[in-house]
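Just below is one structure, and these are the notes that go with it.
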Amino acid sequence: MMKELFGGSSSYRVTLFFGPEPVDGATDVLACVFNVKKRSWKAGIQVSVEVMLGQVTRLRHELRLMDRLSEALLAIAPEERSAREQRIEDLFVQAVAWCKLALGMEAGLTQENHCIPAAAFVSELDRLVMDRREDVAAYVASELDLALDPSSPSPP
């Protein structure tokens, strides 16, 4: 699933290390940290990917993520629903961060730890998340063990 989000590059092996977590000194920024290993490197690196909360919130609304997930959430037991609903925001932030990492990898990464700051790739990230909206929604649903209705695609 993540290969779709970051472009399906087979030259990198990427795993989410942790996140999202608040960024020290910034109340409106979250970061996810990824382990990234390129085939030609002897060892991997860590890449901290920062995203702005305002951008994440706007993208979530533009994708109508809650509308997409609501029917699937209603199909599960009420005692399980609340716990899954609480994870949606974190999973969406992770998916957006994966997309931003893809932009950073396309720009080129050297074999050293990196931070992709919140202010980098803002408009590019908007376009990429919208272009990959089905993959983003599918990632969130998959992590929540929900089945999305394929007849209700995200808005264009």
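A note on labels: chains of the structure tokens are A, B, ... as shown, every chain counts residues from 1, and ligands are counted from 1 in their shown order.
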
Neighbours of stretch 110-126 of chain A within 8 Å (only C-alpha atoms; same-chain residues fewer than 5 positions away dropped), as an mmCIF file with N, CA, C and O atoms, in the first residue's frame?
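Result file is result-v6.cif:
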```cif
data_model
loop_
_atom_site.group_PDB
_atom_site.id
_atom_site.type_symbol
_atom_site.label_atom_id
_atom_site.label_comp_id
_atom_site.auth_asym_id
_atom_site.auth_seq_id
_atom_site.Cartn_x
_atom_site.Cartn_y
_atom_site.Cartn_z
ATOM 1 N N VAL A 29 2.449 22.048 13.777
ATOM 2 C CA VAL A 29 3.227 21.155 12.923
ATOM 3 C C VAL A 29 3.368 19.795 13.595
ATOM 4 O O VAL A 29 3.636 19.699 14.788
ATOM 5 N N TRP A 41 22.893 1.925 -0.769
ATOM 6 C CA TRP A 41 23.488 2.366 0.487
ATOM 7 C C TRP A 41 23.799 1.176 1.379
ATOM 8 O O TRP A 41 23.065 0.188 1.403
ATOM 9 N N GLY A 44 20.695 2.505 6.260
ATOM 10 C CA GLY A 44 19.583 3.410 6.045
ATOM 11 C C GLY A 44 19.761 4.716 6.785
ATOM 12 O O GLY A 44 20.721 4.909 7.536
ATOM 13 N N ILE A 45 18.811 5.601 6.558
ATOM 14 C CA ILE A 45 18.794 6.902 7.209
ATOM 15 C C ILE A 45 17.419 7.117 7.819
ATOM 16 O O ILE A 45 16.481 6.369 7.534
ATOM 17 N N GLN A 46 17.314 8.131 8.655
ATOM 18 C CA GLN A 46 16.017 8.542 9.168
ATOM 19 C C GLN A 46 15.658 9.883 8.543
ATOM 20 O O GLN A 46 16.497 10.778 8.458
ATOM 21 N N VAL A 47 14.392 9.968 8.112
ATOM 22 C CA VAL A 47 13.899 11.203 7.529
ATOM 23 C C VAL A 47 12.681 11.643 8.327
ATOM 24 O O VAL A 47 11.692 10.912 8.409
ATOM 25 N N SER A 48 12.785 12.812 8.935
ATOM 26 C CA SER A 48 11.661 13.408 9.648
ATOM 27 C C SER A 48 10.885 14.249 8.636
ATOM 28 O O SER A 48 11.462 15.113 7.972
ATOM 29 N N VAL A 49 9.597 13.960 8.517
ATOM 30 C CA VAL A 49 8.748 14.664 7.553
ATOM 31 C C VAL A 49 7.732 15.474 8.339
ATOM 32 O O VAL A 49 6.891 14.917 9.044
ATOM 33 N N GLU A 50 7.820 16.793 8.217
ATOM 34 C CA GLU A 50 6.921 17.690 8.933
ATOM 35 C C GLU A 50 5.761 18.095 8.030
ATOM 36 O O GLU A 50 5.959 18.341 6.835
ATOM 37 N N VAL A 51 4.572 18.150 8.613
ATOM 38 C CA VAL A 51 3.389 18.611 7.888
ATOM 39 C C VAL A 51 2.650 19.629 8.748
ATOM 40 O O VAL A 51 2.617 19.518 9.973
ATOM 41 N N MET A 52 2.059 20.608 8.084
ATOM 42 C CA MET A 52 1.301 21.645 8.790
ATOM 43 C C MET A 52 -0.115 21.141 9.073
ATOM 44 O O MET A 52 -0.771 20.582 8.178
ATOM 45 N N LEU A 59 -6.814 19.230 3.505
ATOM 46 C CA LEU A 59 -6.784 18.075 2.605
ATOM 47 C C LEU A 59 -7.791 17.008 3.030
ATOM 48 O O LEU A 59 -8.462 16.411 2.192
ATOM 49 N N VAL A 96 -0.299 11.414 4.498
ATOM 50 C CA VAL A 96 0.159 12.680 3.911
ATOM 51 C C VAL A 96 1.690 12.775 4.014
ATOM 52 O O VAL A 96 2.362 13.179 3.062
ATOM 53 N N CYS A 99 3.360 10.724 1.383
ATOM 54 C CA CYS A 99 3.329 11.436 0.101
ATOM 55 C C CYS A 99 4.416 12.506 0.054
ATOM 56 O O CYS A 99 5.106 12.663 -0.959
ATOM 57 N N LYS A 100 4.588 13.229 1.145
ATOM 58 C CA LYS A 100 5.607 14.279 1.178
ATOM 59 C C LYS A 100 7.002 13.664 1.115
ATOM 60 O O LYS A 100 7.903 14.213 0.478
ATOM 61 N N LEU A 101 7.173 12.527 1.752
ATOM 62 C CA LEU A 101 8.451 11.827 1.663
ATOM 63 C C LEU A 101 8.745 11.455 0.209
ATOM 64 O O LEU A 101 9.890 11.560 -0.250
ATOM 65 N N LEU A 103 7.935 13.077 -2.396
ATOM 66 C CA LEU A 103 8.430 14.294 -3.045
ATOM 67 C C LEU A 103 9.897 14.533 -2.691
ATOM 68 O O LEU A 103 10.696 14.907 -3.549
ATOM 69 N N GLY A 104 10.234 14.302 -1.432
ATOM 70 C CA GLY A 104 11.626 14.463 -1.012
ATOM 71 C C GLY A 104 12.551 13.459 -1.682
ATOM 72 O O GLY A 104 13.671 13.794 -2.077
#
```

Q: Report as an MDAnalysis selection string: the residues of chain A with a DSSP assignment of strand (DSSP E), based on the backbone of this structure.
A: chainID A and resid 12:23 26:38 45:52 114:116

Q) Using only C-alpha atoms, which of the listed residues (A:Ala75, A:Ala95, A:Met105, A:Ala31) sits closest to A:Asp145? A) A:Ala75

Q. If we count only C-alpha atoms, what is near A:Leu148 at a cut-off of 7 Å, once residues fewer than 6 positions away on the same chain are taken out, given as a PyMOL selection string?
A. chain A and resi 69+72+141

Selected residues written out with C-alpha atoms, as a PDB file, in the first residue's frame:
```
ATOM      1  CA  LEU A  69     -15.163   6.079   6.015  1.00  0.00           C
ATOM      2  CA  ALA A  72     -17.597   1.344   6.787  1.00  0.00           C
ATOM      3  CA  ALA A 141      -9.182   2.142   5.735  1.00  0.00           C
TER       4      ALA A 141
END
```

Please list as an mmCIF file with C-alpha atoms, in the first residue's frame every residue within 9 Å of A:Arg87, counting only C-alpha atoms and excluding residues in the same chain fewer than 5 positions away.
```cif
data_model
loop_
_atom_site.group_PDB
_atom_site.id
_atom_site.type_symbol
_atom_site.label_atom_id
_atom_site.label_comp_id
_atom_site.auth_asym_id
_atom_site.auth_seq_id
_atom_site.Cartn_x
_atom_site.Cartn_y
_atom_site.Cartn_z
ATOM 1 C CA SER A 82 -14.775 4.817 18.846
ATOM 2 C CA PHE A 92 -4.260 10.388 7.634
ATOM 3 C CA VAL A 140 -6.413 4.691 6.242
ATOM 4 C CA LEU A 144 -8.370 0.436 10.468
#
```

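Between atom CA of A:Phe18 and atom CA of A:Phe34 the separation is 7.1 Å.
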
**Q.** Atomic separation - atom CA of A:Val14 relative to atom CA of A:Lys37, Å
**A.** 6.5 Å

Q) atom CA of A:Arg68 and atom CA of A:Gln94, how far apart in Å? A) 17.6 Å

Per DSSP on the backbone, what are the helix (DSSP H, G or I) residues of stretch 30-141 of chain A, as a short mmCIF file (atom, residue, chain, number, x, y, z; two decimals) with N, CA, C and O atoms, in the first residue's frame?
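For reference, out_28.cif as written:
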```cif
data_model
loop_
_atom_site.label_atom_id
_atom_site.label_comp_id
_atom_site.auth_asym_id
_atom_site.auth_seq_id
_atom_site.Cartn_x
_atom_site.Cartn_y
_atom_site.Cartn_z
N LEU A 53 -0.58 21.35 10.29
CA LEU A 53 -1.92 20.90 10.67
C LEU A 53 -3.00 21.52 9.78
O LEU A 53 -3.94 20.84 9.40
N GLY A 54 -2.85 22.78 9.45
CA GLY A 54 -3.84 23.44 8.61
C GLY A 54 -3.94 22.79 7.25
O GLY A 54 -5.05 22.59 6.71
N GLN A 55 -2.81 22.42 6.67
CA GLN A 55 -2.81 21.76 5.37
C GLN A 55 -3.45 20.38 5.47
O GLN A 55 -4.26 19.99 4.63
N VAL A 56 -3.12 19.64 6.52
CA VAL A 56 -3.69 18.30 6.73
C VAL A 56 -5.21 18.39 6.89
O VAL A 56 -5.96 17.62 6.27
N THR A 57 -5.67 19.34 7.68
CA THR A 57 -7.11 19.51 7.90
C THR A 57 -7.82 19.85 6.61
O THR A 57 -8.86 19.28 6.28
N ARG A 58 -7.24 20.78 5.84
CA ARG A 58 -7.84 21.17 4.57
C ARG A 58 -7.89 19.99 3.61
O ARG A 58 -8.92 19.73 2.98
N LEU A 59 -6.81 19.23 3.50
CA LEU A 59 -6.78 18.07 2.61
C LEU A 59 -7.79 17.01 3.03
O LEU A 59 -8.46 16.41 2.19
N ARG A 60 -7.91 16.78 4.33
CA ARG A 60 -8.87 15.79 4.82
C ARG A 60 -10.29 16.19 4.42
O ARG A 60 -11.08 15.35 3.99
N HIS A 61 -10.61 17.48 4.52
CA HIS A 61 -11.94 17.96 4.12
C HIS A 61 -12.13 17.88 2.61
O HIS A 61 -13.20 17.50 2.13
N GLU A 62 -11.11 18.26 1.85
CA GLU A 62 -11.21 18.21 0.39
C GLU A 62 -11.40 16.77 -0.10
O GLU A 62 -12.11 16.54 -1.08
N LEU A 63 -10.77 15.83 0.57
CA LEU A 63 -10.92 14.42 0.21
C LEU A 63 -12.22 13.81 0.73
O LEU A 63 -12.58 12.70 0.36
N LEU A 65 -12.73 12.60 3.63
CA LEU A 65 -12.31 11.33 4.19
C LEU A 65 -13.34 10.74 5.14
O LEU A 65 -13.65 9.55 5.07
N MET A 66 -13.91 11.57 6.01
CA MET A 66 -14.89 11.04 6.96
C MET A 66 -16.13 10.53 6.24
O MET A 66 -16.70 9.52 6.65
N ASP A 67 -16.54 11.20 5.18
CA ASP A 67 -17.67 10.71 4.39
C ASP A 67 -17.35 9.34 3.80
O ASP A 67 -18.19 8.45 3.78
N ARG A 68 -16.12 9.19 3.32
CA ARG A 68 -15.71 7.91 2.72
C ARG A 68 -15.69 6.78 3.75
O ARG A 68 -15.98 5.65 3.43
N LEU A 69 -15.32 7.12 4.99
CA LEU A 69 -15.16 6.08 6.01
C LEU A 69 -16.43 5.83 6.82
O LEU A 69 -16.55 4.79 7.47
N SER A 70 -17.37 6.75 6.80
CA SER A 70 -18.53 6.67 7.70
C SER A 70 -19.34 5.40 7.51
O SER A 70 -19.73 4.76 8.50
N GLU A 71 -19.62 5.00 6.29
CA GLU A 71 -20.41 3.80 6.06
C GLU A 71 -19.69 2.56 6.57
O GLU A 71 -20.28 1.68 7.19
N ALA A 72 -18.39 2.48 6.31
CA ALA A 72 -17.60 1.34 6.79
C ALA A 72 -17.55 1.31 8.31
O ALA A 72 -17.61 0.24 8.92
N LEU A 73 -17.48 2.48 8.94
CA LEU A 73 -17.46 2.53 10.40
C LEU A 73 -18.79 2.07 10.99
O LEU A 73 -18.82 1.42 12.04
N LEU A 74 -19.88 2.40 10.32
CA LEU A 74 -21.20 1.98 10.81
C LEU A 74 -21.38 0.46 10.74
O LEU A 74 -22.21 -0.10 11.46
N PRO A 78 -20.42 -1.03 17.69
CA PRO A 78 -20.27 0.29 18.32
C PRO A 78 -19.13 0.36 19.34
O PRO A 78 -18.46 1.39 19.44
N GLU A 79 -18.88 -0.72 20.05
CA GLU A 79 -17.81 -0.70 21.06
C GLU A 79 -16.42 -0.64 20.42
O GLU A 79 -15.47 -0.22 21.07
N GLU A 80 -16.30 -1.00 19.15
CA GLU A 80 -15.02 -0.91 18.44
C GLU A 80 -14.89 0.39 17.66
O GLU A 80 -13.78 0.83 17.36
N ARG A 81 -16.00 0.99 17.34
CA ARG A 81 -16.03 2.16 16.45
C ARG A 81 -15.24 3.33 17.01
O ARG A 81 -14.46 3.96 16.30
N SER A 82 -15.42 3.65 18.26
CA SER A 82 -14.77 4.82 18.85
C SER A 82 -13.25 4.72 18.77
O SER A 82 -12.57 5.69 18.41
N ALA A 83 -12.71 3.57 19.09
CA ALA A 83 -11.25 3.40 19.05
C ALA A 83 -10.71 3.58 17.63
O ALA A 83 -9.66 4.20 17.43
N ARG A 84 -11.43 3.08 16.66
CA ARG A 84 -10.99 3.22 15.27
C ARG A 84 -11.12 4.66 14.81
O ARG A 84 -10.23 5.18 14.12
N GLU A 85 -12.21 5.33 15.18
CA GLU A 85 -12.40 6.73 14.79
C GLU A 85 -11.28 7.61 15.34
O GLU A 85 -10.84 8.54 14.68
N GLN A 86 -10.80 7.28 16.54
CA GLN A 86 -9.73 8.07 17.16
C GLN A 86 -8.41 7.94 16.42
O GLN A 86 -7.55 8.81 16.52
N ARG A 87 -8.23 6.90 15.65
CA ARG A 87 -6.98 6.68 14.92
C ARG A 87 -6.97 7.33 13.54
O ARG A 87 -5.92 7.45 12.92
N ILE A 88 -8.12 7.75 13.05
CA ILE A 88 -8.21 8.26 11.68
C ILE A 88 -7.27 9.43 11.44
O ILE A 88 -6.54 9.47 10.45
N GLU A 89 -7.25 10.40 12.33
CA GLU A 89 -6.42 11.59 12.14
C GLU A 89 -4.94 11.20 12.04
O GLU A 89 -4.24 11.65 11.12
N ASP A 90 -4.46 10.38 12.96
CA ASP A 90 -3.05 9.98 12.92
C ASP A 90 -2.72 9.23 11.63
O ASP A 90 -1.67 9.46 11.02
N LEU A 91 -3.59 8.34 11.22
CA LEU A 91 -3.35 7.57 10.00
C LEU A 91 -3.35 8.47 8.76
O LEU A 91 -2.55 8.29 7.85
N PHE A 92 -4.24 9.46 8.76
CA PHE A 92 -4.26 10.39 7.63
C PHE A 92 -2.97 11.22 7.60
O PHE A 92 -2.39 11.42 6.54
N VAL A 93 -2.51 11.67 8.75
CA VAL A 93 -1.26 12.43 8.81
C VAL A 93 -0.11 11.55 8.29
O VAL A 93 0.74 12.02 7.52
N GLN A 94 -0.09 10.28 8.68
CA GLN A 94 0.94 9.37 8.19
C GLN A 94 0.89 9.27 6.67
O GLN A 94 1.93 9.33 6.00
N ALA A 95 -0.30 9.11 6.11
CA ALA A 95 -0.44 8.99 4.66
C ALA A 95 0.05 10.25 3.95
O ALA A 95 0.74 10.18 2.93
N VAL A 96 -0.30 11.41 4.50
CA VAL A 96 0.16 12.68 3.91
C VAL A 96 1.69 12.78 4.01
O VAL A 96 2.36 13.18 3.06
N ALA A 97 2.24 12.36 5.15
CA ALA A 97 3.69 12.38 5.32
C ALA A 97 4.39 11.43 4.34
O ALA A 97 5.45 11.76 3.81
N TRP A 98 3.80 10.25 4.09
CA TRP A 98 4.36 9.33 3.09
C TRP A 98 4.43 10.03 1.73
O TRP A 98 5.41 9.91 1.01
N CYS A 99 3.36 10.72 1.38
CA CYS A 99 3.33 11.44 0.10
C CYS A 99 4.42 12.51 0.05
O CYS A 99 5.11 12.66 -0.96
N LYS A 100 4.59 13.23 1.14
CA LYS A 100 5.61 14.28 1.18
C LYS A 100 7.00 13.66 1.12
O LYS A 100 7.90 14.21 0.48
N LEU A 101 7.17 12.53 1.75
CA LEU A 101 8.45 11.83 1.66
C LEU A 101 8.75 11.45 0.21
O LEU A 101 9.89 11.56 -0.25
N ALA A 102 7.72 11.03 -0.53
CA ALA A 102 7.90 10.69 -1.94
C ALA A 102 8.45 11.89 -2.71
O ALA A 102 9.34 11.75 -3.55
N LEU A 103 7.94 13.08 -2.40
CA LEU A 103 8.43 14.29 -3.04
C LEU A 103 9.90 14.53 -2.69
O LEU A 103 10.70 14.91 -3.55
N GLY A 104 10.23 14.30 -1.43
CA GLY A 104 11.63 14.46 -1.01
C GLY A 104 12.55 13.46 -1.68
O GLY A 104 13.67 13.79 -2.08
N MET A 105 12.07 12.23 -1.83
CA MET A 105 12.89 11.21 -2.49
C MET A 105 13.07 11.54 -3.97
O MET A 105 14.15 11.35 -4.53
N GLU A 106 12.02 12.06 -4.61
CA GLU A 106 12.13 12.46 -6.01
C GLU A 106 13.15 13.59 -6.17
O GLU A 106 13.86 13.65 -7.17
N ALA A 107 13.22 14.48 -5.19
CA ALA A 107 14.18 15.58 -5.23
C ALA A 107 15.60 15.10 -4.96
O ALA A 107 16.56 15.79 -5.28
N VAL A 122 4.78 22.48 -0.30
CA VAL A 122 3.39 22.70 0.11
C VAL A 122 2.42 22.49 -1.06
O VAL A 122 1.50 21.67 -0.97
N SER A 123 2.60 23.22 -2.14
CA SER A 123 1.66 23.08 -3.26
C SER A 123 1.81 21.72 -3.95
O SER A 123 0.82 21.12 -4.38
N GLU A 124 3.04 21.22 -4.02
CA GLU A 124 3.28 19.91 -4.62
C GLU A 124 2.58 18.82 -3.82
O GLU A 124 2.02 17.87 -4.38
N LEU A 125 2.60 18.96 -2.49
CA LEU A 125 1.94 17.98 -1.63
C LEU A 125 0.43 18.01 -1.82
O LEU A 125 -0.21 16.96 -1.89
N ASP A 126 -0.13 19.20 -1.94
CA ASP A 126 -1.57 19.31 -2.21
C ASP A 126 -1.94 18.52 -3.47
O ASP A 126 -2.87 17.72 -3.47
N ARG A 127 -1.17 18.74 -4.53
CA ARG A 127 -1.46 18.06 -5.80
C ARG A 127 -1.28 16.55 -5.67
O ARG A 127 -2.11 15.78 -6.15
N LEU A 128 -0.21 16.12 -5.02
CA LEU A 128 0.08 14.70 -4.92
C LEU A 128 -0.97 13.97 -4.10
O LEU A 128 -1.44 12.89 -4.48
N VAL A 129 -1.38 14.54 -2.98
CA VAL A 129 -2.41 13.91 -2.15
C VAL A 129 -3.72 13.82 -2.93
O VAL A 129 -4.40 12.79 -2.89
N MET A 130 -4.07 14.86 -3.65
CA MET A 130 -5.30 14.82 -4.44
C MET A 130 -5.19 13.79 -5.57
O MET A 130 -6.13 13.06 -5.84
N ASP A 131 -4.03 13.72 -6.20
CA ASP A 131 -3.83 12.73 -7.27
C ASP A 131 -3.89 11.30 -6.73
O ASP A 131 -4.32 10.40 -7.44
N ARG A 133 -5.58 10.32 -3.98
CA ARG A 133 -6.63 10.30 -2.96
C ARG A 133 -7.18 8.90 -2.69
O ARG A 133 -7.50 8.57 -1.56
N GLU A 134 -7.31 8.10 -3.73
CA GLU A 134 -7.83 6.74 -3.52
C GLU A 134 -6.84 5.90 -2.71
O GLU A 134 -7.24 5.14 -1.83
N ASP A 135 -5.56 6.04 -3.00
CA ASP A 135 -4.54 5.32 -2.23
C ASP A 135 -4.49 5.79 -0.78
O ASP A 135 -4.31 5.00 0.14
N VAL A 136 -4.63 7.10 -0.59
CA VAL A 136 -4.62 7.66 0.77
C VAL A 136 -5.80 7.12 1.57
O VAL A 136 -5.64 6.63 2.69
N ALA A 137 -6.99 7.17 0.99
CA ALA A 137 -8.18 6.65 1.68
C ALA A 137 -8.05 5.15 1.92
O ALA A 137 -8.41 4.65 2.99
N ALA A 138 -7.52 4.42 0.95
CA ALA A 138 -7.36 2.97 1.09
C ALA A 138 -6.36 2.65 2.20
O ALA A 138 -6.55 1.67 2.94
N TYR A 139 -5.30 3.45 2.34
CA TYR A 139 -4.33 3.23 3.42
C TYR A 139 -5.01 3.38 4.78
O TYR A 139 -4.86 2.51 5.64
N VAL A 140 -5.74 4.45 4.96
CA VAL A 140 -6.41 4.69 6.24
C VAL A 140 -7.40 3.56 6.53
O VAL A 140 -7.41 2.99 7.63
N ALA A 141 -8.20 3.22 5.56
CA ALA A 141 -9.18 2.14 5.73
C ALA A 141 -8.50 0.81 6.04
O ALA A 141 -8.93 0.08 6.94
#
```
